[in-house]
$ cat work-v4.cif   # mmCIF, C-alpha atoms and all ligand atoms
data_model
#
loop_
_atom_site.label_atom_id
_atom_site.label_comp_id
_atom_site.auth_asym_id
_atom_site.auth_seq_id
_atom_site.Cartn_x
_atom_site.Cartn_y
_atom_site.Cartn_z
CA MET P 23 142.02 30.31 67.12
CA LEU P 24 144.15 31.92 64.49
CA ILE P 25 142.80 32.13 61.00
CA HIS P 26 145.25 33.25 58.38
CA SER P 27 142.93 33.73 55.45
CA GLY P 28 139.71 32.55 53.90
CA PRO P 29 135.99 33.17 54.06
CA ALA P 30 135.79 34.01 57.79
CA LEU P 31 138.22 36.86 57.27
CA ARG P 32 136.10 38.14 54.39
CA ALA P 33 132.93 37.66 56.40
CA LEU P 34 134.30 39.61 59.33
CA ARG P 35 135.60 42.33 57.05
CA ALA P 36 132.19 42.55 55.45
CA LEU P 37 130.41 43.12 58.75
CA PRO P 38 129.15 46.67 59.00
CA ARG P 39 131.23 48.99 61.10
CA SER P 40 128.63 49.18 63.84
CA ARG P 41 129.14 45.46 64.41
CA SER P 42 132.77 44.89 63.65
CA ARG P 43 134.27 48.24 64.65
CA SER P 44 136.75 47.38 61.89
CA ARG P 45 139.39 45.77 64.10
CA HIS P 46 137.78 44.52 67.28
CA GLY P 47 134.25 43.41 67.80
CA HIS P 48 131.77 41.11 69.36
CA VAL P 49 129.30 38.92 67.53
CA HIS P 50 126.42 37.36 69.41
CA GLY P 51 125.47 33.78 68.92
CA HIS P 52 123.68 30.97 70.57
CA ASP P 53 124.89 27.44 71.02
CA GLY P 54 123.58 24.31 72.68
CA HIS P 55 124.49 25.66 76.12
CA GLY P 56 123.03 29.13 75.97
CA HIS P 57 123.90 32.54 74.68
CA VAL P 58 127.53 33.04 73.76
CA GLY P 59 129.45 35.84 72.21
CA LYS P 60 132.39 35.72 69.90
CA SER P 61 135.05 38.33 70.25
CA PHE P 62 137.36 38.90 67.40
CA SER P 63 140.17 41.14 66.44
CA LEU P 64 141.17 41.69 62.91
CA SER P 65 144.60 42.42 61.58
CA PRO P 66 145.88 42.37 58.01
CA CYS P 67 147.22 38.87 58.41
CA HIS P 68 145.03 37.09 60.91
CA VAL P 69 141.76 37.05 62.83
CA HIS P 70 141.67 35.94 66.39
CA VAL P 71 138.35 34.48 67.45
CA SER P 72 137.51 33.23 70.90
CA CYS P 73 134.28 32.06 72.49
CA ARG P 74 133.16 33.80 75.64
CA ASP P 75 129.96 34.05 77.60
CA ASP P 76 128.19 37.34 77.23
CA ASP P 77 129.28 38.45 80.69
CA GLY P 78 132.87 38.23 79.50
CA ALA P 79 133.79 34.99 81.28
CA ALA P 80 135.65 32.51 79.18
CA HIS P 81 133.30 30.10 77.54
CA PRO P 82 133.43 26.84 79.47
CA ARG P 83 134.16 24.98 76.29
CA PRO P 84 136.12 27.27 74.03
CA ILE P 85 137.24 26.25 70.60
CA ARG P 86 140.65 24.84 71.30
CA ARG P 87 143.85 25.60 69.52
CA ARG P 88 144.36 21.86 69.42
CA MET P 89 141.72 21.78 66.70
CA LEU P 90 144.30 23.30 64.42
CA SER P 91 146.30 20.12 64.51
CA TRP P 92 143.22 17.96 63.94
CA LYS P 93 142.29 19.69 60.79
CA CYS P 94 145.69 18.99 59.34
CA PHE P 95 144.43 15.46 58.86
CA ALA P 96 140.81 16.14 58.10
CA LEU P 97 139.00 16.67 54.86
CA PRO P 98 137.55 20.19 54.95
CA GLY P 99 133.94 18.95 54.89
CA ALA P 100 134.51 16.56 57.78
CA PHE P 101 136.36 19.20 59.72
CA ARG P 102 133.66 21.80 59.17
CA HIS P 103 131.07 19.42 60.52
CA ALA P 104 133.23 18.43 63.48
CA ALA P 105 134.04 22.03 64.31
CA GLN P 106 130.34 22.92 64.32
CA GLN P 107 129.53 19.95 66.50
CA GLN P 108 132.35 20.75 68.87
CA GLN P 109 131.22 24.34 69.07
CA GLN P 110 127.62 23.38 69.76
CA THR P 111 128.08 20.49 72.12
CA GLY P 112 131.43 21.27 73.69
CA ARG P 113 132.34 17.63 73.23
CA ARG P 114 135.62 16.84 71.55
CA ILE P 115 135.02 15.14 68.24
CA ARG P 116 137.58 12.95 66.59
CA ILE P 117 137.88 12.84 62.86
CA LYS P 118 139.08 9.83 60.97
CA ARG P 119 142.38 10.62 59.31
CA ARG P 120 142.09 10.57 55.58
CA SER P 121 144.72 12.80 54.04
CA ARG P 122 147.45 15.10 55.26
CA ARG P 123 146.65 18.78 54.97
CA SER P 124 148.79 21.81 55.68
CA GLN P 125 148.18 24.06 58.67
CA LYS P 126 146.93 26.72 56.31
CA THR P 127 144.46 24.38 54.66
CA ALA P 128 143.12 23.47 58.03
CA ALA P 129 142.88 27.09 59.09
CA ALA P 130 140.80 27.84 56.01
CA ALA P 131 138.47 24.95 56.85
CA ALA P 132 138.17 26.30 60.37
CA ALA P 133 137.34 29.67 58.89
CA ALA P 134 134.44 28.16 57.00
CA ALA P 135 133.24 26.48 60.16
CA LEU P 136 133.30 29.80 61.94
CA ASP P 137 131.54 31.48 59.07
CA THR P 138 128.51 29.33 59.66
CA SER P 139 128.36 30.51 63.25
CA LEU P 140 128.42 34.19 62.30
CA GLU P 141 125.58 36.24 60.90
CA PRO P 142 126.10 36.32 57.11
CA ALA P 143 127.35 39.72 55.96
CA SER P 144 124.20 39.96 53.83
CA SER P 145 121.72 39.31 56.67
CA LEU P 146 119.04 41.99 56.93
CA LEU P 147 119.97 42.27 60.62
CA ASN P 148 123.12 44.06 59.49
CA LEU P 149 121.08 46.96 58.10
CA PRO P 150 121.41 49.87 60.56
CA ILE P 151 117.64 50.37 60.49
CA LEU P 152 117.07 46.76 61.64
CA ALA P 153 120.05 46.52 64.00
CA ASN P 154 117.79 46.32 67.07
CA ALA P 155 115.04 44.26 65.49
CA SER P 156 114.24 40.74 66.62
CA PRO P 157 115.72 38.14 64.24
CA VAL P 158 112.39 36.28 64.27
CA ALA P 159 110.51 39.41 63.20
CA VAL P 160 113.08 40.10 60.46
CA ASN P 161 112.80 36.55 59.11
CA GLY P 162 109.01 36.59 59.35
CA GLY P 163 108.87 39.89 57.47
CA LEU P 164 111.13 38.48 54.80
CA VAL P 165 108.84 35.49 54.29
CA VAL P 166 105.81 37.77 53.90
CA ALA P 167 107.70 40.05 51.47
CA THR P 168 108.82 37.02 49.42
CA LEU P 169 105.26 35.68 49.23
CA VAL P 170 103.98 39.04 48.01
CA LEU P 171 106.80 39.26 45.44
CA SER P 172 106.09 35.71 44.30
CA TYR P 173 102.40 36.52 43.74
CA LEU P 174 103.21 39.73 41.85
CA TRP P 175 105.93 37.99 39.81
CA VAL P 176 103.57 35.34 38.46
CA LYS P 177 100.92 38.02 37.81
CA LEU P 178 103.48 40.11 35.92
CA PHE P 179 104.30 37.27 33.53
CA ASP P 180 100.60 36.61 32.97
CA LEU P 181 100.21 40.30 32.10
CA LEU P 182 103.23 40.26 29.75
CA ALA P 183 101.80 37.23 27.95
CA SER P 184 98.32 38.84 27.77
CA LYS P 185 99.89 41.90 26.15
CA GLU P 186 101.67 39.49 23.75
CA ILE P 187 105.08 40.74 24.83
CA PHE P 188 105.96 37.08 25.33
CA GLU P 189 104.37 34.05 23.80
CA ARG P 190 102.49 32.02 26.51
CA ASN P 191 104.96 29.12 26.58
CA THR P 192 107.95 31.47 26.80
CA SER P 193 106.28 33.38 29.63
CA ARG P 194 105.65 30.10 31.53
CA LYS P 195 109.28 29.09 31.03
CA LEU P 196 110.48 32.52 32.22
CA VAL P 197 108.48 31.93 35.41
CA HIS P 198 110.23 28.54 35.62
CA ILE P 199 113.69 30.07 35.07
CA THR P 200 113.32 33.05 37.40
CA THR P 201 111.23 32.09 40.46
CA GLY P 202 113.72 29.58 41.93
CA PRO P 203 116.74 31.90 41.58
CA LEU P 204 114.76 34.80 43.05
CA PHE P 205 113.80 32.60 45.98
CA LEU P 206 117.45 31.58 46.35
CA ALA P 207 118.51 35.23 46.30
CA THR P 208 116.49 35.80 49.49
CA TRP P 209 118.33 33.08 51.47
CA PRO P 210 121.41 35.17 52.42
CA LEU P 211 119.09 37.86 53.81
CA TYR P 212 117.76 35.62 56.61
CA ALA P 213 119.06 36.34 60.10
CA LYS P 214 120.87 33.49 61.69
CA GLY P 215 120.13 34.84 65.16
CA ALA P 216 116.71 33.23 65.25
CA GLY P 217 116.47 29.67 66.48
CA VAL P 218 120.12 28.71 66.18
CA ALA P 219 120.02 26.69 69.38
CA VAL P 220 118.49 23.68 67.71
CA ALA P 221 121.05 21.57 69.56
CA SER P 222 119.33 22.53 72.81
CA GLY P 223 116.44 20.35 71.69
CA SER P 224 113.80 23.05 72.10
CA LEU P 225 111.04 22.65 69.52
CA ALA P 226 110.40 26.39 69.49
CA ASP P 227 114.06 27.03 68.65
CA ALA P 228 113.99 24.45 65.89
CA LEU P 229 110.83 25.94 64.37
CA LEU P 230 112.31 29.44 64.44
CA HIS P 231 115.43 28.38 62.59
CA PRO P 232 115.72 30.34 59.33
CA GLN P 233 116.10 27.09 57.40
CA VAL P 234 112.64 26.08 58.63
CA ILE P 235 111.07 29.52 58.29
CA VAL P 236 112.24 29.92 54.68
CA CYS P 237 110.30 26.74 53.77
CA LEU P 238 107.07 28.62 54.45
CA VAL P 239 107.51 30.26 51.04
CA PRO P 240 107.42 27.07 48.92
CA ALA P 241 104.97 25.50 51.41
CA PHE P 242 102.54 28.33 50.74
CA SER P 243 103.04 27.85 46.99
CA ILE P 244 102.37 24.10 47.33
CA ILE P 245 99.11 24.70 49.22
CA ARG P 246 98.01 27.38 46.77
CA LEU P 247 98.77 25.22 43.71
CA ALA P 248 96.95 22.28 45.33
CA LEU P 249 93.89 24.46 46.02
CA ILE P 250 93.85 25.94 42.50
CA GLY P 251 94.62 22.55 40.90
CA THR P 252 91.71 20.88 42.67
CA GLY P 253 89.36 23.75 41.86
CA VAL P 254 88.91 24.92 45.48
CA LEU P 255 90.54 28.29 44.83
CA PRO P 256 89.91 30.12 41.55
CA SER P 257 92.92 31.97 40.13
CA LYS P 258 92.90 32.72 36.42
CA ASN P 259 96.25 34.56 36.58
CA THR P 260 98.19 31.65 38.05
CA LEU P 261 96.45 29.13 35.81
CA ARG P 262 97.28 31.10 32.66
CA ALA P 263 100.85 31.83 33.83
CA VAL P 264 101.98 28.33 34.79
CA SER P 265 99.88 25.83 32.84
CA ARG P 266 100.35 24.83 29.19
CA SER P 267 96.71 24.35 28.23
CA GLY P 268 94.72 26.10 30.95
CA ASP P 269 93.80 22.73 32.47
CA ARG P 270 93.89 23.30 36.25
CA THR P 271 95.01 19.73 37.04
CA GLU P 272 98.33 20.52 35.31
CA LEU P 273 99.22 22.60 38.37
CA LEU P 274 99.25 19.41 40.41
CA ARG P 275 102.21 18.11 38.37
CA GLY P 276 105.13 20.28 37.07
CA PRO P 277 104.53 23.48 39.12
CA LEU P 278 103.73 21.50 42.30
CA PHE P 279 106.82 19.25 41.93
CA TYR P 280 108.89 22.36 41.25
CA SER P 281 107.71 23.99 44.50
CA VAL P 282 108.29 20.77 46.46
CA CYS P 283 111.88 20.69 45.15
CA LEU P 284 112.45 24.28 46.29
CA ALA P 285 111.20 23.30 49.75
CA VAL P 286 113.51 20.27 49.86
CA LEU P 287 116.55 22.28 48.72
CA ALA P 288 115.95 24.94 51.37
CA GLY P 289 114.82 22.66 54.18
CA VAL P 290 117.36 19.88 53.72
CA PHE P 291 120.41 21.63 52.28
CA TRP P 292 120.11 25.39 52.92
CA ARG P 293 122.53 28.14 52.03
CA GLU P 294 125.91 26.69 53.07
CA SER P 295 125.44 23.68 50.79
CA PRO P 296 126.76 23.64 47.21
CA THR P 297 124.13 20.96 46.51
CA ALA P 298 121.31 23.47 46.98
CA LEU P 299 122.92 25.98 44.62
CA VAL P 300 123.76 23.53 41.84
CA ALA P 301 120.46 21.61 42.01
CA MET P 302 118.50 24.88 42.04
CA SER P 303 120.40 26.07 38.99
CA VAL P 304 119.82 22.81 37.11
CA LEU P 305 116.10 22.63 37.95
CA CYS P 306 115.26 26.27 37.26
CA ILE P 307 117.76 27.78 34.84
CA GLY P 308 118.90 24.62 33.05
CA ASP P 309 115.55 22.91 32.53
CA GLY P 310 113.88 26.19 31.59
CA LEU P 311 116.54 27.14 29.04
CA ALA P 312 116.44 23.68 27.41
CA ASP P 313 112.89 24.44 26.29
CA VAL P 314 113.38 28.10 25.37
CA VAL P 315 116.56 27.48 23.34
CA GLY P 316 115.59 24.01 22.06
CA ARG P 317 112.33 25.24 20.52
CA ARG P 318 114.17 28.02 18.71
CA LEU P 319 117.49 26.47 17.71
CA GLY P 320 116.84 22.74 17.99
CA LYS P 321 114.90 22.03 14.80
CA GLY P 322 117.78 20.67 12.72
CA ASN P 323 119.75 18.89 15.44
CA PRO P 324 117.64 16.25 17.19
CA LEU P 325 119.27 13.95 19.71
CA PRO P 326 119.84 10.41 18.35
CA PHE P 327 118.14 8.77 21.37
CA ASN P 328 115.23 11.26 21.62
CA ARG P 329 114.14 13.04 18.47
CA ASN P 330 111.78 15.33 20.46
CA LYS P 331 114.79 16.98 22.06
CA SER P 332 117.83 18.61 20.56
CA TYR P 333 121.55 19.17 21.03
CA ALA P 334 120.84 22.90 21.20
CA GLY P 335 118.38 22.44 24.10
CA SER P 336 120.63 20.06 26.04
CA ILE P 337 123.78 22.16 25.58
CA ALA P 338 121.85 25.28 26.64
CA MET P 339 120.66 23.40 29.72
CA MET P 340 124.16 22.27 30.66
CA LEU P 341 125.84 25.65 30.11
CA GLY P 342 122.99 27.72 31.59
CA ALA P 343 122.86 25.60 34.75
CA PHE P 344 126.65 25.61 35.05
CA LEU P 345 127.03 29.38 34.66
CA GLY P 346 124.05 29.95 36.96
CA SER P 347 125.57 27.79 39.70
CA LEU P 348 128.91 29.60 39.38
CA ALA P 349 127.19 32.98 39.65
CA PHE P 350 125.13 31.90 42.69
CA ALA P 351 128.15 30.45 44.46
CA TYR P 352 130.36 33.44 43.71
CA VAL P 353 127.77 35.90 45.02
CA PHE P 354 127.08 33.77 48.12
CA VAL P 355 130.78 33.53 48.98
CA GLU P 356 132.07 36.94 47.94
CA ALA P 357 129.13 39.24 48.64
CA CYS P 358 127.35 37.39 51.41
CA GLY P 359 130.22 35.75 53.29
CA ILE P 360 128.59 32.31 53.16
CA GLY P 361 131.09 29.44 53.19
CA ILE P 362 130.26 27.46 50.05
CA TRP P 363 133.97 26.81 49.67
CA THR P 364 136.83 27.37 52.08
CA GLY P 365 139.60 28.45 49.73
CA ALA P 366 141.62 25.46 50.86
CA PRO P 367 143.29 23.23 48.24
CA GLY P 368 140.56 20.89 47.00
CA ASP P 369 137.81 23.26 48.10
CA GLY P 370 137.86 26.44 46.04
CA ILE P 371 136.10 27.97 43.07
CA LEU P 372 137.97 25.78 40.57
CA ASP P 373 136.95 22.56 42.28
CA PHE P 374 133.40 23.85 42.57
CA ALA P 375 133.36 24.65 38.84
CA VAL P 376 134.67 21.23 37.77
CA LYS P 377 132.18 19.37 39.97
CA SER P 378 129.31 21.63 38.98
CA LEU P 379 130.04 21.06 35.27
CA ALA P 380 129.96 17.29 35.80
CA ILE P 381 126.64 17.55 37.69
CA CYS P 382 125.08 19.85 35.05
CA ALA P 383 126.20 17.57 32.20
CA THR P 384 124.72 14.48 33.88
CA SER P 385 121.47 16.28 34.64
CA ALA P 386 121.20 17.49 31.02
CA LEU P 387 121.69 13.92 29.85
CA VAL P 388 118.89 12.69 32.13
CA GLU P 389 116.60 15.52 30.99
CA ALA P 390 117.15 14.45 27.39
CA LEU P 391 116.14 10.80 27.96
CA PRO P 392 112.70 9.80 26.61
CA ILE P 393 111.30 9.15 30.11
CA ASN P 394 109.01 12.18 30.54
CA ALA P 395 105.91 10.00 30.28
CA ILE P 396 107.17 7.88 33.19
CA ILE P 397 108.60 10.58 35.45
CA ASP P 398 108.18 14.37 35.31
CA ASP P 399 111.48 16.14 34.64
CA ASN P 400 110.80 18.47 37.59
CA ILE P 401 111.43 15.36 39.70
CA SER P 402 114.01 13.34 37.71
CA VAL P 403 116.32 16.31 37.01
CA PRO P 404 116.64 17.67 40.58
CA VAL P 405 116.87 14.16 42.06
CA VAL P 406 119.82 13.36 39.79
CA ALA P 407 121.40 16.77 40.47
CA ILE P 408 121.08 16.25 44.24
CA PHE P 409 122.45 12.72 44.04
CA MET P 410 125.43 13.81 41.93
CA SER P 411 126.10 16.85 44.14
CA ARG P 412 126.12 14.74 47.28
CA LEU P 413 128.52 12.39 45.53
CA CYS P 414 130.83 15.21 44.39
CA PHE P 415 130.64 17.65 47.33
CA GLY P 416 129.60 15.37 50.17
CA ARG P 417 127.33 18.03 51.63
C1 LIG Z 501 105.99 26.93 35.49
C2 LIG Z 501 106.67 26.22 36.58
C3 LIG Z 501 106.84 24.91 36.54
C4 LIG Z 501 106.34 24.04 35.43
O1 LIG Z 501 107.36 23.31 34.88
P1 LIG Z 501 107.19 22.50 33.49
O2 LIG Z 501 106.01 21.59 33.66
O3 LIG Z 501 107.01 23.48 32.42
O4 LIG Z 501 108.48 21.75 33.38
C5 LIG Z 501 107.16 27.02 37.75
C6 LIG Z 501 106.04 27.28 38.74
C7 LIG Z 501 106.42 28.32 39.78
C8 LIG Z 501 105.43 28.39 40.91
C9 LIG Z 501 104.01 28.60 40.53
C10 LIG Z 501 105.82 29.52 41.86
C11 LIG Z 501 106.88 29.08 42.84
C12 LIG Z 501 107.14 30.18 43.82
C13 LIG Z 501 108.33 29.94 44.68
C14 LIG Z 501 108.06 28.84 45.69
C15 LIG Z 501 108.75 31.20 45.39
C16 LIG Z 501 109.30 32.25 44.50
C17 LIG Z 501 109.59 33.54 45.24
C18 LIG Z 501 110.21 34.60 44.41
C19 LIG Z 501 110.58 35.79 45.23
C20 LIG Z 501 109.49 34.97 43.15
N1 LIG Z 502 116.94 18.98 25.72
C1 LIG Z 502 115.90 19.59 25.14
C2 LIG Z 502 114.73 19.87 25.88
C3 LIG Z 502 113.68 20.51 25.27
N2 LIG Z 502 113.75 20.85 23.96
C4 LIG Z 502 112.63 21.52 23.28
O1 LIG Z 502 111.64 21.94 24.23
C5 LIG Z 502 110.40 21.30 24.01
C6 LIG Z 502 109.70 21.00 25.31
O2 LIG Z 502 110.51 20.15 26.08
P1 LIG Z 502 109.92 19.31 27.26
O3 LIG Z 502 108.93 18.32 26.72
O4 LIG Z 502 111.03 18.74 28.04
O5 LIG Z 502 109.16 20.42 28.07
P2 LIG Z 502 108.74 20.47 29.61
O6 LIG Z 502 108.09 19.16 29.91
O7 LIG Z 502 110.00 20.69 30.40
O8 LIG Z 502 107.84 21.65 29.63
C7 LIG Z 502 110.74 20.07 23.19
O9 LIG Z 502 109.64 19.66 22.43
C8 LIG Z 502 111.90 20.55 22.34
O10 LIG Z 502 111.45 21.29 21.25
C9 LIG Z 502 114.91 20.59 23.25
O11 LIG Z 502 114.99 20.90 22.06
N3 LIG Z 502 115.96 19.96 23.87
#
$ encode --input "work-v4.cif" --output "structure tokens" --more "lines below"
Ligand SMILES: C/C(=C\COP(=O)(O)O)CCC[C@H](C)CCC[C@H](C)CCCC(C)C
Ligand SMILES: Nc1ccn([C@@H]2O[C@H](COP(=O)(O)OP(=O)(O)O)[C@@H](O)[C@H]2O)c(=O)n1
Amino acid sequence: MLIHSGPALRALRALPRSRSRSRHGHVHGHDGHGHVGKSFSLSPCHVHVSCRDDDGAAHPRPIRRRMLSWKCFALPGAFRHAAQQQQQTGRRIRIKRRSRRSQKTAAAAAAAALDTSLEPASSLLNLPILANASPVAVNGGLVVATLVLSYLWVKLFDLLASKEIFERNTSRKLVHITTGPLFLATWPLYAKGAGVAVASGSLADALLHPQVIVCLVPAFSIIRLALIGTGVLPSKNTLRAVSRSGDRTELLRGPLFYSVCLAVLAGVFWRESPTALVAMSVLCIGDGLADVVGRRLGKGNPLPFNRNKSYAGSIAMMLGAFLGSLAFAYVFVEACGIGIWTGAPGDGILDFAVKSLAICATSALVEALPINAIIDDNISVPVVAIFMSRLCFGR
């Protein structure tokens, strides 16, 4: 398959030399039929990628050149999905024709599809020191490191508040603003090599998939919050850092819902999905900033339909979430080689920005409604953001 430009080219370029050998290389993967390798050669204007078995024999069901003509008629999202399915199952998948696309557009969509089958450039497996490590061990180690960091992070903010460097509420909101993005920042580090053969139907493979393994981090937080919230586990640090009043049952609401949302975003959407990035940004950065900015600058500008909230808070939420989502997406695509957008017309940074702004504005509006007594904004805000993102991005 010839790819003229786009994320796959960048992803391949970003592979360390030991893996890509700059112009020719071999990337290992696993599909529904067993272990396969991808050979590629890189030239200034195109990448040639073919599927072969590890022993060098042509893969029985290679990606066909004919796919290039399919994608001319496919929306990039539909094509990406079909290409993945075709790659995994070997079955030819037909896509309903929706709109005419150029060959180049289609090639860029194919590039994104291929991206998802390659190890992200940012995967820890690409570190020379871990080059021979098992992907499962790398992912497991990353989960443990994230849990330790998460514990220390919350403890740090408790300490900063105890030393009166931050006021208690500000410290709690800084935990709210930072923990989700820090968790998100670990996603590109996970090795894809583990458990990618979910299509083979093996439960062990499915459980080893990085998208499942990463959920252990919020799952651990959920269990911990539930134990502290019900009084089974004493933890003064966490209680002081994430509750308003020190009442332990508070942990069973906002902080617990927040952790559940992180689990849903990772487990359902994962790193190739713009929905995960935008919803994470709205829930963590946007909702957190609304409070921090609103309390300081919102006194004289209450909202007409909710006098407890302000224009300052809602505008800060919209802009903070929007800029956060742009930053996440840009880093994921440019530094990590993850295909959030394909670069094709209708699927680039500009389209992402327009859609993200619409999603952030709607979420800020919902956050401002006087419905907090009925539904916690750690539920209403991400649910609306996810719904809007699915509507706008379709994935
Ligand atoms: C204070 C929090 C929510 C309360 O919201 P609100 O009621 O004020 O609207 C956030 C609670 C965060 C939670 C205790 C920790 C979550 C950890 C996360 C799953 C993993 C983070 C890992 C990272 C590396 C720090
Ligand atoms: N859109 C918003 C949201 C919050 N805020 C300010 O932040 C405070 C706390 O907001 P909130 O009740 O939504 O707080 P949480 O439930 O998110 O902790 C409000 O009392 C306002 O002073 C604002 O001014 N504008």
$ closest_atom_pairs --input "work-v4.cif" --of "chain P" --to "ligand LIG 502 (chain Z)" --cutoff "9 Å" --atoms "all atoms listed in the file" --output "CSV"
residue,atom,partner,partner_atom,distance
P:Asn191,CA,Z:LIG502,O8,8.6
P:Arg194,CA,Z:LIG502,O8,8.9
P:Lys195,CA,Z:LIG502,O8,7.7
P:Arg266,CA,Z:LIG502,O8,8.1
P:Gly276,CA,Z:LIG502,O6,7.8
P:Asp309,CA,Z:LIG502,O7,6.3
P:Gly310,CA,Z:LIG502,O7,6.8
P:Leu311,CA,Z:LIG502,C2,8.1
P:Ala312,CA,Z:LIG502,C2,4.4
P:Asp313,CA,Z:LIG502,O1,3.5
P:Val314,CA,Z:LIG502,O1,6.5
P:Val315,CA,Z:LIG502,O11,6.9
P:Gly316,CA,Z:LIG502,O11,3.2
P:Arg317,CA,Z:LIG502,O10,4.1
P:Arg318,CA,Z:LIG502,O10,7.7
P:Leu319,CA,Z:LIG502,O11,7.5
P:Gly320,CA,Z:LIG502,O11,4.8
P:Lys321,CA,Z:LIG502,O11,7.3
P:Asn323,CA,Z:LIG502,O11,8.4
P:Pro324,CA,Z:LIG502,O11,7.2
P:Leu325,CA,Z:LIG502,N3,8.0
P:Asn328,CA,Z:LIG502,N1,8.9
P:Arg329,CA,Z:LIG502,O11,8.7
P:Asn330,CA,Z:LIG502,O9,5.2
P:Lys331,CA,Z:LIG502,N3,3.7
P:Ser332,CA,Z:LIG502,O11,3.9
P:Tyr333,CA,Z:LIG502,N3,6.3
P:Ala334,CA,Z:LIG502,O11,6.2
P:Gly335,CA,Z:LIG502,N3,3.5
P:Ser336,CA,Z:LIG502,N1,3.9
P:Ile337,CA,Z:LIG502,N1,7.5
P:Ala338,CA,Z:LIG502,N1,8.0
P:Met339,CA,Z:LIG502,N1,7.0
P:Ala386,CA,Z:LIG502,N1,7.0
P:Leu387,CA,Z:LIG502,N1,8.1
P:Glu389,CA,Z:LIG502,N1,6.3
P:Ala390,CA,Z:LIG502,N1,4.8
P:Leu391,CA,Z:LIG502,N1,8.5
P:Asn394,CA,Z:LIG502,O6,7.1
P:Asp398,CA,Z:LIG502,O6,7.2
P:Asp399,CA,Z:LIG502,O7,6.4
P:Asn400,CA,Z:LIG502,O7,7.6
$ residues_near_ligand --input "work-v4.cif" --ligand "ligand LIG 501 (chain Z)" --cutoff "6 Å" --atoms "all atoms listed in the file" --output "JSON list (two decimals) with C-alpha atoms, keeping the file's coordinate frame"
[["chain", "number", "residue", "atom", "x", "y", "z"],
["P", 168, "THR", "CA", 108.82, 37.02, 49.42],
["P", 171, "LEU", "CA", 106.80, 39.26, 45.44],
["P", 172, "SER", "CA", 106.09, 35.71, 44.30],
["P", 175, "TRP", "CA", 105.93, 37.99, 39.81],
["P", 194, "ARG", "CA", 105.65, 30.10, 31.53],
["P", 195, "LYS", "CA", 109.28, 29.09, 31.03],
["P", 197, "VAL", "CA", 108.48, 31.93, 35.41],
["P", 198, "HIS", "CA", 110.23, 28.54, 35.62],
["P", 201, "THR", "CA", 111.23, 32.09, 40.46],
["P", 202, "GLY", "CA", 113.72, 29.58, 41.93],
["P", 204, "LEU", "CA", 114.76, 34.80, 43.05],
["P", 205, "PHE", "CA", 113.80, 32.60, 45.98],
["P", 239, "VAL", "CA", 107.51, 30.26, 51.04],
["P", 240, "PRO", "CA", 107.42, 27.07, 48.92],
["P", 243, "SER", "CA", 103.04, 27.85, 46.99],
["P", 264, "VAL", "CA", 101.98, 28.33, 34.79],
["P", 276, "GLY", "CA", 105.13, 20.28, 37.07],
["P", 277, "PRO", "CA", 104.53, 23.48, 39.12],
["P", 280, "TYR", "CA", 108.89, 22.36, 41.25],
["P", 281, "SER", "CA", 107.71, 23.99, 44.50],
["P", 400, "ASN", "CA", 110.80, 18.47, 37.59]]
$ atom_distance --input "work-v4.cif" --atom1 "atom CA of Val406 of chain P" --atom2 "atom CA of Leu341 of chain P"
16.8 Å
$ closest_residue --input "work-v4.cif" --among "P:Gly346, P:Pro367, P:Gly322, P:Pro142" --to "Met302 of chain P" --atoms "all atoms listed in the file"
P:Gly346
$ residues_around --input "work-v4.cif" --residues "Lys377 of chain P" --least-positions-apart "2" --cutoff "9 Å" --atoms "all atoms listed in the file" --output "NGL selection string"
:P and (372-375 or 379-382 or 410-411 or 414-415)
$ write_last_selection --input "work-v4.cif" --atoms "C-alpha atoms" --output "short mmCIF file (atom, residue, chain, number, x, y, z; two decimals), keeping the file's coordinate frame"
data_model
loop_
_atom_site.label_atom_id
_atom_site.label_comp_id
_atom_site.auth_asym_id
_atom_site.auth_seq_id
_atom_site.Cartn_x
_atom_site.Cartn_y
_atom_site.Cartn_z
CA LEU P 372 137.97 25.78 40.57
CA ASP P 373 136.95 22.56 42.28
CA PHE P 374 133.40 23.85 42.57
CA ALA P 375 133.36 24.65 38.84
CA LEU P 379 130.04 21.06 35.27
CA ALA P 380 129.96 17.29 35.80
CA ILE P 381 126.64 17.55 37.69
CA CYS P 382 125.08 19.85 35.05
CA MET P 410 125.43 13.81 41.93
CA SER P 411 126.10 16.85 44.14
CA CYS P 414 130.83 15.21 44.39
CA PHE P 415 130.64 17.65 47.33
#
$ atom_distance --input "work-v4.cif" --atom1 "atom CA of Cys358 of chain P" --atom2 "atom CA of Leu147 of chain P"
12.8 Å
$ atom_distance --input "work-v4.cif" --atom1 "atom CA of Thr208 of chain P" --atom2 "atom CA of Leu261 of chain P"
25.2 Å
$ closest_residue --input "work-v4.cif" --among "P:Cys283, P:Leu146, P:Ile371, P:Ile397" --to "Leu211 of chain P" --atoms "only C-alpha atoms"
P:Leu146
$ residues_around --input "work-v4.cif" --residues "Leu238 of chain P" --least-positions-apart "3" --cutoff "9 Å" --atoms "all atoms listed in the file" --output "ChimeraX atom specification"
/P:165,169,234-235,241-243,285
$ residues_around --input "work-v4.cif" --residues "Trp292 of chain P" --least-positions-apart "3" --cutoff "10 Å" --atoms "only C-alpha atoms" --output "list in words"
Leu206, Trp209, Pro210, Pro232, Gln233, Val234, Val236, Cys237, Ala285, Val286, Leu287, Ala288, Gly289, Ser295, Pro296, Thr297, Ala298 and Leu299 of chain P
$ axis_aligned_box --input "work-v4.cif" --around "segment 386-389 of chain P" --padding-each-side "5 Å" --output "AutoDock Vina command-line options"
--center_x 119.1 --center_y 15.1 --center_z 31.0 --size_x 15.1 --size_y 14.8 --size_z 12.3
